[in-house]
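**Q** This is protein11.txt (compact mmCIF, C-alpha atoms).
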# COMPACT_ATOMS: atom_id res chain seq x y z
CA MET A 143 153.71 149.86 -20.46
CA LYS A 144 151.73 151.29 -17.57
CA LEU A 145 151.05 149.71 -14.23
CA SER A 146 147.36 150.11 -15.07
CA GLN A 147 147.94 147.47 -17.74
CA LEU A 148 149.20 144.98 -15.15
CA SER A 149 148.29 143.67 -11.73
CA LEU A 150 149.04 146.41 -9.23
CA LEU A 151 152.67 146.55 -8.07
CA ARG A 152 153.80 143.52 -10.04
CA ILE A 153 157.56 143.68 -10.64
CA LEU A 154 158.56 144.88 -14.12
CA PRO A 155 161.86 143.12 -14.86
CA ILE A 156 163.13 144.79 -18.03
CA VAL A 157 163.35 148.58 -18.30
CA SER A 158 163.69 148.37 -22.08
CA ALA A 159 160.14 147.01 -22.25
CA LEU A 160 158.72 150.22 -20.75
CA ASN A 161 157.80 153.55 -22.25
CA VAL A 162 160.97 155.61 -22.01
CA GLY A 163 161.80 159.28 -22.41
CA ASP A 164 164.43 161.01 -24.51
CA TYR A 165 167.23 159.98 -22.14
CA GLY A 166 166.21 156.34 -21.82
CA HIS A 167 164.40 156.73 -18.47
CA PRO A 168 160.99 155.17 -17.87
CA ILE A 169 158.09 157.63 -18.03
CA GLU A 170 155.83 157.77 -15.01
CA ASP A 171 153.62 160.23 -13.17
CA ILE A 172 153.35 158.05 -10.07
CA ALA A 173 156.16 155.61 -9.32
CA ILE A 174 156.00 152.59 -7.00
CA LEU A 175 159.45 151.97 -5.52
CA GLY A 176 160.53 149.15 -3.21
CA PHE A 177 163.06 149.54 -0.38
CA PRO A 178 164.00 146.00 0.78
CA TYR A 179 165.87 147.10 3.88
CA ASP A 180 165.63 146.25 7.58
CA THR A 181 169.19 146.60 8.90
CA SER A 182 168.07 149.47 11.19
CA THR A 183 165.24 147.54 12.83
CA SER A 184 165.35 147.46 16.63
CA TYR A 185 163.17 144.43 17.32
CA ARG A 186 161.91 141.84 14.80
CA PRO A 187 163.72 141.77 11.43
CA GLY A 188 162.05 140.75 8.18
CA ALA A 189 160.84 144.04 6.70
CA ARG A 190 163.34 143.65 3.87
CA PHE A 191 160.73 141.31 2.41
CA GLY A 192 158.02 143.96 2.77
CA PRO A 193 157.97 145.13 -0.86
CA ARG A 194 157.66 141.52 -2.02
CA GLY A 195 154.86 140.86 0.45
CA ILE A 196 152.91 143.98 -0.51
CA ARG A 197 153.13 143.05 -4.18
CA THR A 198 151.83 139.59 -3.34
CA GLY A 199 149.00 141.14 -1.33
CA SER A 200 148.06 143.24 -4.36
CA SER A 201 147.50 140.29 -6.71
CA ARG A 202 143.76 140.95 -7.04
CA GLU A 203 144.25 144.65 -7.83
CA LYS A 204 144.17 145.05 -11.58
CA LYS A 205 142.69 147.12 -14.34
CA GLY A 206 138.97 146.62 -14.56
CA ARG A 207 138.32 146.15 -10.85
CA SER A 208 140.02 149.14 -9.21
CA TYR A 209 137.15 151.61 -9.15
CA ASN A 210 137.07 152.96 -5.60
CA PRO A 211 133.51 153.87 -4.58
CA VAL A 212 134.72 155.86 -1.56
CA TRP A 213 136.88 158.08 -3.74
CA GLY A 214 134.63 157.85 -6.79
CA ILE A 215 137.56 157.16 -9.06
CA ASP A 216 139.63 154.42 -10.69
CA PRO A 217 143.21 155.69 -10.41
CA PHE A 218 144.25 153.64 -13.44
CA GLU A 219 141.67 155.19 -15.76
CA GLU A 220 142.60 158.88 -15.53
CA GLY A 221 145.38 159.08 -18.11
CA LEU A 222 148.33 159.06 -15.71
CA SER A 223 151.24 156.64 -16.03
CA ILE A 224 151.46 154.61 -12.80
CA LEU A 225 154.54 152.42 -12.91
CA ASP A 226 156.22 149.92 -10.61
CA CYS A 227 159.93 150.71 -10.80
CA GLY A 228 160.91 147.58 -8.87
CA ASP A 229 163.23 147.54 -5.86
CA ILE A 230 166.33 149.60 -5.19
CA PRO A 231 169.34 147.27 -4.76
CA ILE A 232 170.37 147.71 -1.13
CA THR A 233 173.20 146.06 0.78
CA PRO A 234 172.22 144.44 4.12
CA PHE A 235 175.81 144.58 5.39
CA ASP A 236 176.59 148.30 5.64
CA ALA A 237 173.86 150.67 6.84
CA ALA A 238 175.73 153.84 5.88
CA HIS A 239 176.23 152.60 2.33
CA ALA A 240 172.63 151.37 2.19
CA PHE A 241 171.35 154.88 2.92
CA LYS A 242 173.45 156.22 0.05
CA GLN A 243 171.95 153.58 -2.25
CA MET A 244 168.41 154.44 -1.15
CA GLU A 245 168.89 158.17 -1.59
CA GLN A 246 170.49 157.72 -4.98
CA GLY A 247 167.71 155.42 -6.15
CA TYR A 248 165.01 157.80 -4.92
CA ARG A 249 166.64 160.77 -6.63
CA GLN A 250 167.02 158.90 -9.91
CA VAL A 251 163.32 158.12 -10.03
CA LEU A 252 162.44 161.74 -9.18
CA HIS A 253 164.29 162.77 -12.32
CA HIS A 254 162.38 160.43 -14.62
CA PRO A 255 160.19 162.22 -17.18
CA THR A 256 156.43 162.49 -16.72
CA THR A 257 153.69 162.21 -19.33
CA ASP A 258 152.03 165.05 -21.19
CA THR A 259 148.76 164.24 -19.41
CA LYS A 260 150.07 165.13 -15.97
CA PRO A 261 149.03 168.45 -14.39
CA ASP A 262 150.88 171.60 -15.40
CA GLY A 263 153.78 172.19 -13.06
CA TRP A 264 153.96 168.51 -12.00
CA THR A 265 157.64 168.23 -12.92
CA HIS A 266 158.54 165.11 -10.95
CA PRO A 267 156.93 161.72 -10.51
CA ARG A 268 155.11 161.20 -7.23
CA ILE A 269 156.75 158.26 -5.44
CA ILE A 270 154.95 155.71 -3.27
CA SER A 271 157.58 153.77 -1.33
CA LEU A 272 157.23 150.18 -0.14
CA GLY A 273 159.21 149.28 2.99
CA GLY A 274 161.32 148.07 4.42
CA ASP A 275 162.04 149.62 7.80
CA TYR A 276 161.26 153.22 8.58
CA SER A 277 164.76 154.56 7.92
CA ILE A 278 163.80 155.15 4.27
CA VAL A 279 161.71 158.38 4.60
CA TYR A 280 162.76 161.60 2.85
CA GLY A 281 161.75 165.30 2.84
CA PRO A 282 161.46 168.33 2.95
CA ILE A 283 157.70 168.47 3.46
CA SER A 284 154.85 168.57 5.96
CA VAL A 285 154.56 165.00 7.20
CA ILE A 286 151.48 163.07 8.24
CA HIS A 287 153.06 160.20 10.14
CA LEU A 288 150.73 157.34 11.10
CA ASP A 289 152.50 155.06 13.54
CA SER A 290 152.28 153.57 17.01
CA HIS A 291 155.71 155.09 17.70
CA LEU A 292 157.18 158.58 17.77
CA ASP A 293 160.30 157.79 15.71
CA THR A 294 161.87 161.05 16.91
CA TRP A 295 164.40 159.61 19.36
CA ASP A 296 167.56 161.63 19.82
CA PRO A 297 170.22 159.03 18.93
CA TYR A 298 172.68 160.58 21.35
CA GLU A 299 170.41 160.19 24.39
CA GLY A 300 171.50 156.57 24.79
CA TYR A 301 168.44 154.77 23.41
CA THR A 302 170.54 152.32 21.43
CA GLY A 303 172.82 151.55 24.37
CA ILE A 304 175.72 153.19 22.60
CA ALA A 305 176.28 156.57 20.98
CA SER A 306 178.08 156.22 17.67
CA GLU A 307 177.72 157.48 14.15
CA GLN A 308 176.94 153.96 12.95
CA SER A 309 174.10 153.49 15.47
CA ALA A 310 172.70 157.01 15.12
CA ILE A 311 170.38 156.31 12.20
CA THR A 312 167.69 153.76 12.99
CA HIS A 313 164.01 153.29 12.27
CA GLY A 314 163.31 155.20 15.49
CA THR A 315 165.60 158.21 14.98
CA PHE A 316 165.14 159.29 11.36
CA PHE A 317 162.64 162.11 12.02
CA TRP A 318 165.06 163.59 14.54
CA HIS A 319 167.69 163.71 11.79
CA ALA A 320 165.16 165.03 9.25
CA SER A 321 164.25 167.87 11.58
CA ARG A 322 167.87 168.87 12.13
CA GLU A 323 168.39 168.87 8.37
CA ALA A 324 165.29 171.06 7.86
CA CYS A 325 163.61 168.30 5.86
CA ILE A 326 160.21 168.58 7.57
CA ASN A 327 157.97 171.54 8.32
CA LYS A 328 158.16 172.01 12.08
CA GLY A 329 154.82 172.73 13.65
CA ALA A 330 153.01 171.67 10.48
CA SER A 331 153.49 167.91 10.80
CA VAL A 332 151.42 165.30 12.62
CA HIS A 333 151.86 161.96 14.37
CA GLY A 334 148.64 159.94 14.25
CA GLY A 335 147.79 156.67 15.99
CA LEU A 336 150.44 156.75 18.71
CA GLY A 337 150.14 153.86 21.10
CA THR A 338 153.53 152.90 22.48
CA LYS A 339 155.10 153.14 25.90
CA LEU A 340 157.98 155.58 26.33
CA PHE A 341 161.42 155.63 27.84
CA GLY A 342 160.11 158.64 29.77
CA VAL A 343 158.63 162.12 29.44
CA ARG A 344 161.87 163.19 27.81
CA ASP A 345 160.61 161.47 24.66
CA TYR A 346 157.78 163.99 24.38
CA GLU A 347 160.13 166.90 25.05
CA ILE A 348 162.37 165.81 22.17
CA ASP A 349 159.34 165.22 19.95
CA GLU A 350 158.14 168.78 20.51
CA VAL A 351 161.54 170.13 19.51
CA VAL A 352 161.44 168.01 16.36
CA GLY A 353 158.13 169.72 15.56
CA PHE A 354 155.24 167.23 15.52
CA HIS A 355 151.65 167.54 16.73
CA ARG A 356 150.68 164.30 18.50
CA ILE A 357 147.41 162.36 18.21
CA GLU A 358 147.14 159.24 20.37
CA ALA A 359 145.46 156.10 19.03
CA ARG A 360 143.00 156.08 21.94
CA GLU A 361 141.69 159.55 21.03
CA ILE A 362 139.68 157.96 18.24
CA ASP A 363 137.29 156.72 20.96
CA ASP A 364 136.69 160.29 22.15
CA ILE A 365 136.62 162.44 19.01
CA GLY A 366 136.16 159.83 16.28
CA VAL A 367 137.85 159.64 12.90
CA ASP A 368 136.35 162.98 11.81
CA GLY A 369 137.83 164.71 14.85
CA ILE A 370 141.27 163.28 14.14
CA VAL A 371 141.03 164.30 10.49
CA LYS A 372 140.10 167.85 11.50
CA ARG A 373 143.05 168.12 13.87
CA THR A 374 145.34 166.85 11.14
CA LEU A 375 144.10 169.31 8.54
CA ASP A 376 144.29 172.19 11.01
CA VAL A 377 147.98 171.43 11.54
CA VAL A 378 149.19 170.75 7.99
CA GLY A 379 147.11 173.49 6.36
CA ASP A 380 147.77 174.07 2.66
CA ASN A 381 151.33 172.73 2.71
CA PRO A 382 152.48 169.98 0.34
CA VAL A 383 152.18 166.75 2.33
CA TYR A 384 154.07 163.47 2.58
CA LEU A 385 151.91 160.65 3.99
CA SER A 386 153.95 158.07 5.87
CA ILE A 387 152.22 154.93 7.16
CA ASP A 388 153.88 152.44 9.47
CA ILE A 389 151.69 149.34 9.26
CA ASP A 390 151.97 148.97 13.05
CA VAL A 391 149.51 151.85 13.41
CA LEU A 392 147.00 149.06 12.87
CA ASP A 393 146.25 146.76 15.78
CA PRO A 394 148.32 143.55 15.63
CA SER A 395 145.12 141.52 15.60
CA ILE A 396 144.65 142.99 12.12
CA ALA A 397 148.24 143.49 10.95
CA PRO A 398 150.53 141.12 12.88
CA ALA A 399 153.36 141.17 10.33
CA THR A 400 155.43 144.07 11.58
CA GLY A 401 158.67 144.49 13.45
CA THR A 402 157.40 146.30 16.56
CA PRO A 403 153.71 145.53 17.14
CA GLU A 404 151.73 147.53 19.72
CA SER A 405 148.30 146.54 21.01
CA GLY A 406 145.43 149.03 20.94
CA GLY A 407 145.97 150.26 17.39
CA TRP A 408 143.43 151.46 14.85
CA THR A 409 141.38 149.17 12.64
CA THR A 410 141.81 149.02 8.89
CA ARG A 411 138.38 150.57 8.42
CA GLU A 412 139.28 153.50 10.68
CA LEU A 413 142.57 154.08 8.88
CA LYS A 414 140.95 153.95 5.44
CA ARG A 415 138.30 156.42 6.57
CA TYR A 416 141.03 158.69 7.93
CA ILE A 417 142.87 158.63 4.59
CA SER A 418 139.66 159.47 2.74
CA GLY A 419 139.32 162.52 4.99
CA LEU A 420 142.58 163.86 3.56
CA GLU A 421 141.03 164.37 0.14
CA GLY A 422 142.10 167.68 -1.34
CA LEU A 423 145.56 167.79 0.22
CA ASN A 424 148.52 168.24 -2.11
CA LEU A 425 149.88 164.74 -1.52
CA VAL A 426 153.30 164.72 -3.17
CA GLY A 427 154.68 161.45 -1.81
CA ALA A 428 153.84 158.54 0.44
CA ASP A 429 155.04 155.26 1.88
CA VAL A 430 153.75 152.14 3.58
CA VAL A 431 156.52 150.57 5.64
CA GLU A 432 157.46 148.04 8.34
CA VAL A 433 155.58 145.22 6.62
CA SER A 434 157.39 142.06 7.71
CA PRO A 435 155.91 139.05 5.83
CA PRO A 436 157.66 136.35 7.94
CA TYR A 437 155.23 137.24 10.76
CA ASP A 438 152.10 137.39 8.63
CA SER A 439 149.17 135.01 8.86
CA THR A 440 148.65 132.29 6.28
CA ALA A 441 145.94 134.56 4.85
CA GLU A 442 148.55 137.34 4.32
CA THR A 443 146.29 139.78 6.15
CA THR A 444 149.01 142.40 6.71
CA SER A 445 150.22 142.38 3.12
CA VAL A 446 146.65 142.60 1.81
CA ALA A 447 145.93 145.55 4.11
CA ALA A 448 149.12 147.33 3.04
CA ALA A 449 148.35 146.86 -0.66
CA ASP A 450 144.80 148.14 -0.18
CA LEU A 451 146.08 151.24 1.62
CA ILE A 452 148.29 151.95 -1.38
CA ILE A 453 145.24 151.79 -3.63
CA ASP A 454 143.67 154.50 -1.44
CA ILE A 455 146.86 156.57 -1.62
CA LEU A 456 146.86 156.27 -5.42
CA ALA A 457 143.24 157.39 -5.44
CA ALA A 458 144.10 160.39 -3.25
CA MET A 459 146.94 161.45 -5.56
CA VAL A 460 144.93 161.01 -8.73
CA LYS A 461 141.69 162.49 -7.34
CA LYS A 462 143.59 165.71 -6.66
CA THR A 463 144.14 166.05 -10.41
CA ALA A 464 141.29 164.20 -12.11
CA PRO A 465 139.61 164.47 -14.48
CA THR A 466 140.86 167.69 -16.07
CA PHE A 467 143.41 168.85 -13.48
CA THR A 468 141.57 172.19 -13.24
CA LYS A 469 141.69 172.25 -9.45
CA PHE A 470 145.44 171.61 -9.50
CA GLN A 471 146.10 174.31 -12.08
CA GLU A 472 144.17 176.85 -10.07
CA SER A 473 146.12 176.12 -6.88
CA GLY A 474 149.49 176.18 -8.59
CA LYS A 475 150.99 174.08 -5.80
CA ASP A 476 153.82 171.64 -6.47
CA GLU A 477 156.80 172.05 -4.24
CA LEU A 478 158.38 168.62 -4.28
Rewrite the structure from the file as structure tokens, please.
**A**
Amino acid sequence: MKLSQLSLLRILPIVSALNVGDYGHPIEDIAILGFPYDTSTSYRPGARFGPRGIRTGSSREKKGRSYNPVWGIDPFEEGLSILDCGDIPITPFDAAHAFKQMEQGYRQVLHHPTTDTKPDGWTHPRIISLGGDYSIVYGPISVIHLDSHLDTWDPYEGYTGIASEQSAITHGTFFWHASREACINKGASVHGGLGTKLFGVRDYEIDEVVGFHRIEAREIDDIGVDGIVKRTLDVVGDNPVYLSIDIDVLDPSIAPATGTPESGGWTTRELKRYISGLEGLNLVGADVVEVSPPYDSTAETTSVAAADLIIDILAAMVKKTAPTFTKFQESGKDEL
């Protein structure tokens, strides 16, 4: 059973009902994976319900109405298996153990078999993660990070009020850890849509050591979406890319349901146009995180926006390979 045979992102409760490989694992080329976790949130909790909210927001997305005129493709009609693998079971009581559960779950899905229709050399499923707070991101890769916040805090600079191993990993420190563990390509990664206040200029000094190129949200008024896309592509080059979207990159008038909202963010239309400008990149993984449904409007505007962004991400992944995967085979790139 493929996700293209169901409403987008609807939970699949019984693994035995799915197509499985020789070792009993589900077969997928692109996997949707939920991370119901918010223990590391610094302000408003609730993102543990993010995967559920995004799935609800995707109720209208189904086979037969998913042709994307911007991308010129229906991601569910190109022969790839796109499968919702449900949520990773995560404890809310022990952050250290929760990170072990998340890493183990992510690795297990990466080792699922892929179909024969996937591009040559595509040996792992691509994973699109649903968050959950921002502590869930993995590497190594060039990262395009769309967020109002830097998320590169040094946890031992006193941001949390204490300096301990337990408090060191939060949704604002994970890129600092990823950089120290050589999980991201320094100098070939980008923050986009920044719009937060800082503790001080030291934040930027740490961010430069971590290795990101910064693009402020307000710069869209000066150079437009095309200018921001160009700067992004100039930085990431031909590297395999992980696209990481914190929903708070959108203005809270559009996406209020997030843990740390910041005014002055991008619009949904601007963000969707930005993503379309990334066509051609070797997008090997992605996430949409910090969706916190308890703060959403009765119209579920944040969840609907998040689900629609995932449709665009699916289109970007599939467009890279469709319809015959010739472009992919010529490039030979797959380094996940």
**Q** Restricting the calculation to only C-alpha atoms, which member of A:Ala428, A:Ala237, A:Ala449, A:Ile387 is positioned closest to A:Ile172?
**A**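 Using only C-alpha atoms, the shortest distance to A:Ile172 belongs to A:Ala428.
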**Q** Mind listing as a list in words all residues within 12 Å of (137.5, 155.3, 8.3), counting all atoms listed in the file?
**A**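 Protein, DNA and RNA residues close to (137.5, 155.3, 8.3): Val212, Ile362, Gly366, Val367, Asp368, Gly369, Ile370, Val371, Trp408, Thr409, Thr410, Arg411, Glu412, Leu413, Lys414, Arg415, Tyr416, Ile417, Ser418, Gly419, Leu420, Leu451 and Asp454 of chain A.
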**Q** Nearest to A:Lys339 among A:Glu404, A:Asp296, A:Asp438, A:Glu432, with distances taken over all atoms listed in the file: which residue is it?
**A** A:Glu404
**Q** Within 10 Å of A:Pro398, counting all atoms listed in the file, which residues qualify if same-chain residues fewer than 3 places away don't, as a ChimeraX atom specification?
**A** /A:389-390,392-395,401-404,433-439,442-445
**Q** So, counting all atoms listed in the file, which residue among A:Phe241, A:Tyr248, A:Phe177, A:Trp295 is closest to A:Leu340?
**A**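 Nearest to A:Leu340: A:Trp295.
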**Q** Could you check how far atom CA of A:Asp236 sits from atom CA of A:Asp345, in Å to one decimal?
**A**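 Between these atoms lies a distance of 28.1 Å.
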**Q** Grab the atom CA of A:Val285 to atom CA of A:Lys328 distance for me, in Å with one decimal place.
**A**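 So the answer is 9.3 Å.
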**Q** Name all residues at most 12 Å from A:Asp376 (count only C-alpha atoms; drop same-chain ones fewer than 2 positions away) and give them as a compact mmCIF listing (two decimals) with C-alpha atoms, in the coordinates of the input.
**A**
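Heads up, here's the output in result-v1.txt:
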# COMPACT_ATOMS: atom_id res chain seq x y z
CA ILE A 286 151.48 163.07 8.24
CA GLY A 329 154.82 172.73 13.65
CA ALA A 330 153.01 171.67 10.48
CA SER A 331 153.49 167.91 10.80
CA VAL A 332 151.42 165.30 12.62
CA HIS A 355 151.65 167.54 16.73
CA GLY A 369 137.83 164.71 14.85
CA ILE A 370 141.27 163.28 14.14
CA VAL A 371 141.03 164.30 10.49
CA LYS A 372 140.10 167.85 11.50
CA ARG A 373 143.05 168.12 13.87
CA THR A 374 145.34 166.85 11.14
CA VAL A 378 149.19 170.75 7.99
CA GLY A 379 147.11 173.49 6.36
CA ASP A 380 147.77 174.07 2.66
CA ASN A 381 151.33 172.73 2.71
CA LEU A 420 142.58 163.86 3.56
CA LEU A 423 145.56 167.79 0.22
**Q** I need the residue nearest A:Tyr185 from this list: A:Thr400, A:Trp318, A:Ser290, A:Ser201. Use only C-alpha atoms for the distance.
**A**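 When distances to A:Tyr185 are compared using only C-alpha atoms, the smallest one comes from A:Thr400.
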**Q** Of the candidates A:Thr265, A:Asn210, A:Gln243, A:Ser386, which one gets nearest to A:Leu288 if we count all atoms listed in the file?
**A**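 The answer is A:Ser386, which sits nearest to A:Leu288.
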**Q** So how many Å separate atom CA of A:Phe317 and atom CA of A:Gly247, to one decimal?
**A**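 A separation of 20.0 Å between them.
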**Q** Smallest atom-to-atom distance to A:Gly221: which of A:Tyr179, A:Thr338, A:Val460, A:Gln250, using all atoms listed in the file?
**A**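 Looking only at the distances to A:Gly221, the closest residue turns out to be A:Val460.
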